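Beneath this line is the structure, given in C-alpha cells, with notes to follow.
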Amino acid sequence: MSQARTTRGQDVASVPIAEGSSRKTLGWGERTLLSEVTFARGGVVPVHAHPHEQIGYVVRGAIEFTIGDQVTILRAGDAYVIPGNIPHACRALEESVAIDIFSPVREEYLP
C-alpha cells in the first residue's frame with residue numbers, strides 16, 4: 001500500500017525531455033503518477049508511445065498536440081486523453097505548462 005505524502009514543486013528537480021521542454025514528477029501512488037511539463041516557446045515533446053494511459057490539461061499557454069493522426073491546439077483549461085500505445089507529440093506555441101497523469105505509474109519517472 002502506498003503511503004501518504006506531499007510534495008513542494010519548488011523542491012523537485014526538472015528533468016529535460018527535449019529541446020525547450022522539461023518535466024517534474026510531483027506525486028505517485030500505487031496506480032497513478034502526476035507530473036508537470038514546462039515548455040519554452042517552440043519547446044517539443046517528440047513523437048513517442050508508451051503503454052500508460054495519459055490524461056492531462058493545459059495550465060498555461062498554448063500547445064499543439066498530435067495524438068495519432070489528430071492535430072489540435074489546446075489552451076489553458078483544455079484537457080486531453082491519450083490511450084496507451086498511441087503515438088503522440090506536442091509543440092508549445094508559447095511558454096506553456098501542462099499537467100500529466102499516467103496510469104499505471106511510469107517507473108522511469110520515479111526519483
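Chain lettering (A, B, ...) mirrors the order of the C-alpha cells, residue numbering begins at 1 for each chain separately, and ligand numbering begins at 1 in order of display.
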Can you build me a table of stretch 65-109 of chain A residues sitting at most 7 Å from stretch 28-50 of chain A, with the closest atom pair per residue and its distance in Å to one decimal, using only C-alpha atoms, sorted by chain and residue number, as JSON lines?
```
{"residue": "A:Gly84", "atom": "CA", "partner": "A:His50", "partner_atom": "CA", "distance": 5.9}
{"residue": "A:Asn85", "atom": "CA", "partner": "A:His50", "partner_atom": "CA", "distance": 5.0}
{"residue": "A:Ile86", "atom": "CA", "partner": "A:Ala49", "partner_atom": "CA", "distance": 5.5}
{"residue": "A:Pro87", "atom": "CA", "partner": "A:Ala49", "partner_atom": "CA", "distance": 4.5}
{"residue": "A:His88", "atom": "CA", "partner": "A:Val47", "partner_atom": "CA", "distance": 5.1}
{"residue": "A:Ala89", "atom": "CA", "partner": "A:Val47", "partner_atom": "CA", "distance": 4.4}
{"residue": "A:Cys90", "atom": "CA", "partner": "A:Val45", "partner_atom": "CA", "distance": 5.3}
{"residue": "A:Arg91", "atom": "CA", "partner": "A:Val44", "partner_atom": "CA", "distance": 4.4}
{"residue": "A:Ala92", "atom": "CA", "partner": "A:Gly42", "partner_atom": "CA", "distance": 5.0}
{"residue": "A:Leu93", "atom": "CA", "partner": "A:Arg41", "partner_atom": "CA", "distance": 5.6}
{"residue": "A:Glu94", "atom": "CA", "partner": "A:Arg41", "partner_atom": "CA", "distance": 4.1}
{"residue": "A:Glu95", "atom": "CA", "partner": "A:Arg41", "partner_atom": "CA", "distance": 4.6}
{"residue": "A:Ser96", "atom": "CA", "partner": "A:Phe39", "partner_atom": "CA", "distance": 5.1}
{"residue": "A:Val97", "atom": "CA", "partner": "A:Thr38", "partner_atom": "CA", "distance": 4.6}
{"residue": "A:Ala98", "atom": "CA", "partner": "A:Val37", "partner_atom": "CA", "distance": 5.2}
{"residue": "A:Ile99", "atom": "CA", "partner": "A:Glu36", "partner_atom": "CA", "distance": 4.6}
{"residue": "A:Asp100", "atom": "CA", "partner": "A:Ser35", "partner_atom": "CA", "distance": 5.2}
{"residue": "A:Ile101", "atom": "CA", "partner": "A:Leu34", "partner_atom": "CA", "distance": 4.6}
{"residue": "A:Phe102", "atom": "CA", "partner": "A:Leu33", "partner_atom": "CA", "distance": 5.1}
{"residue": "A:Ser103", "atom": "CA", "partner": "A:Thr32", "partner_atom": "CA", "distance": 4.7}
{"residue": "A:Pro104", "atom": "CA", "partner": "A:Arg31", "partner_atom": "CA", "distance": 4.9}
{"residue": "A:Val105", "atom": "CA", "partner": "A:Thr32", "partner_atom": "CA", "distance": 4.9}
{"residue": "A:Arg106", "atom": "CA", "partner": "A:Leu33", "partner_atom": "CA", "distance": 6.9}
```
Expected file contents, prior selection, N, CA and C atoms, as an mmCIF file, in the first residue's frame:
```cif
data_model
loop_
_atom_site.group_PDB
_atom_site.id
_atom_site.type_symbol
_atom_site.label_atom_id
_atom_site.label_comp_id
_atom_site.auth_asym_id
_atom_site.auth_seq_id
_atom_site.Cartn_x
_atom_site.Cartn_y
_atom_site.Cartn_z
ATOM 1 N N GLY A 84 -3.185 4.259 -24.076
ATOM 2 C CA GLY A 84 -1.885 3.609 -24.154
ATOM 3 C C GLY A 84 -1.553 3.179 -25.570
ATOM 4 N N ASN A 85 -0.263 3.213 -25.892
ATOM 5 C CA ASN A 85 0.300 2.746 -27.166
ATOM 6 C C ASN A 85 -0.095 3.577 -28.384
ATOM 7 N N ILE A 86 -0.651 4.769 -28.192
ATOM 8 C CA ILE A 86 -0.984 5.658 -29.304
ATOM 9 C C ILE A 86 0.170 6.652 -29.484
ATOM 10 N N PRO A 87 0.766 6.745 -30.667
ATOM 11 C CA PRO A 87 1.836 7.728 -30.882
ATOM 12 C C PRO A 87 1.305 9.145 -30.671
ATOM 13 N N HIS A 88 2.107 9.956 -30.000
ATOM 14 C CA HIS A 88 1.710 11.333 -29.738
ATOM 15 C C HIS A 88 2.940 12.219 -29.557
ATOM 16 N N ALA A 89 2.715 13.527 -29.736
ATOM 17 C CA ALA A 89 3.769 14.526 -29.614
ATOM 18 C C ALA A 89 3.114 15.867 -29.323
ATOM 19 N N CYS A 90 3.925 16.845 -28.930
ATOM 20 C CA CYS A 90 3.386 18.187 -28.766
ATOM 21 C C CYS A 90 4.466 19.236 -28.981
ATOM 22 N N ARG A 91 3.981 20.458 -29.283
ATOM 23 C CA ARG A 91 4.855 21.599 -29.527
ATOM 24 C C ARG A 91 4.185 22.831 -28.927
ATOM 25 N N ALA A 92 4.944 23.561 -28.106
ATOM 26 C CA ALA A 92 4.402 24.747 -27.448
ATOM 27 C C ALA A 92 4.408 25.931 -28.406
ATOM 28 N N LEU A 93 3.263 26.573 -28.562
ATOM 29 C CA LEU A 93 3.150 27.751 -29.407
ATOM 30 C C LEU A 93 3.554 29.012 -28.657
ATOM 31 N N GLU A 94 3.617 28.892 -27.333
ATOM 32 C CA GLU A 94 4.082 29.957 -26.445
ATOM 33 C C GLU A 94 4.539 29.295 -25.157
ATOM 34 N N GLU A 95 5.144 30.046 -24.247
ATOM 35 C CA GLU A 95 5.530 29.440 -22.972
ATOM 36 C C GLU A 95 4.296 28.785 -22.374
ATOM 37 N N SER A 96 4.440 27.537 -21.934
ATOM 38 C CA SER A 96 3.272 26.762 -21.508
ATOM 39 C C SER A 96 3.614 25.822 -20.371
ATOM 40 N N VAL A 97 2.569 25.408 -19.656
ATOM 41 C CA VAL A 97 2.669 24.399 -18.601
ATOM 42 C C VAL A 97 1.484 23.454 -18.759
ATOM 43 N N ALA A 98 1.751 22.157 -18.662
ATOM 44 C CA ALA A 98 0.689 21.149 -18.703
ATOM 45 C C ALA A 98 0.877 20.188 -17.537
ATOM 46 N N ILE A 99 -0.202 19.599 -17.098
ATOM 47 C CA ILE A 99 -0.190 18.576 -16.054
ATOM 48 C C ILE A 99 -0.557 17.250 -16.704
ATOM 49 N N ASP A 100 0.259 16.219 -16.444
ATOM 50 C CA ASP A 100 0.007 14.871 -16.953
ATOM 51 C C ASP A 100 -0.228 13.914 -15.793
ATOM 52 N N ILE A 101 -1.190 13.020 -15.982
ATOM 53 C CA ILE A 101 -1.426 11.923 -15.044
ATOM 54 C C ILE A 101 -1.323 10.634 -15.844
ATOM 55 N N PHE A 102 -0.536 9.689 -15.338
ATOM 56 C CA PHE A 102 -0.309 8.417 -16.009
ATOM 57 C C PHE A 102 -0.825 7.263 -15.161
ATOM 58 N N SER A 103 -1.371 6.266 -15.839
ATOM 59 C CA SER A 103 -1.754 5.025 -15.177
ATOM 60 C C SER A 103 -1.448 3.884 -16.137
ATOM 61 N N PRO A 104 -0.730 2.866 -15.691
ATOM 62 C CA PRO A 104 -0.102 2.744 -14.374
ATOM 63 C C PRO A 104 1.073 3.715 -14.239
ATOM 64 N N VAL A 105 1.698 3.690 -13.086
ATOM 65 C CA VAL A 105 2.834 4.538 -12.792
ATOM 66 C C VAL A 105 3.947 4.333 -13.815
ATOM 67 N N ARG A 106 4.517 5.416 -14.299
ATOM 68 C CA ARG A 106 5.691 5.319 -15.193
ATOM 69 C C ARG A 106 6.921 5.201 -14.306
#
```
* Please identify which residues in stretch 40-102 of chain A DSSP calls strand (DSSP E or B) from the backbone, and express them as a PyMOL selection string. => chain A and resi 44-48+53-60+62-67+70-75+79-82+88-92+96-102
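Closest approach to A:Leu26 among A:Ala76, A:Ala13, A:Ile55, A:Ile67 is made by A:Ala13 (distances from only C-alpha atoms).
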* Between A:Glu107, A:Asp11, A:Asp78, A:Glu19, which one has atoms that come closest to A:Phe65, using only C-alpha atoms? ->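 Nearest candidate to A:Phe65 out of A:Glu107, A:Asp11, A:Asp78, A:Glu19: A:Asp78.
A straight line drawn from atom CA of A:Glu108 to atom CA of A:Ile73 is 27.8 Å long.
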* To do: To one decimal in Å, tell me the separation between atom CA of A:Val12 and atom CA of A:Thr25.
  => 7.4 Å
* **Of the listed residues A:His52, A:Gly27, A:Ile63, A:Asp69, that which approaches A:Ala4 most closely, counting only C-alpha atoms** => A:Gly27
* Asked: Between atom CA of A:Arg60 and atom CA of A:Thr72, what is the spacing in Å?
  ->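 Interatomic distance, atom CA of A:Thr72 to atom CA of A:Arg60: 15.8 Å.
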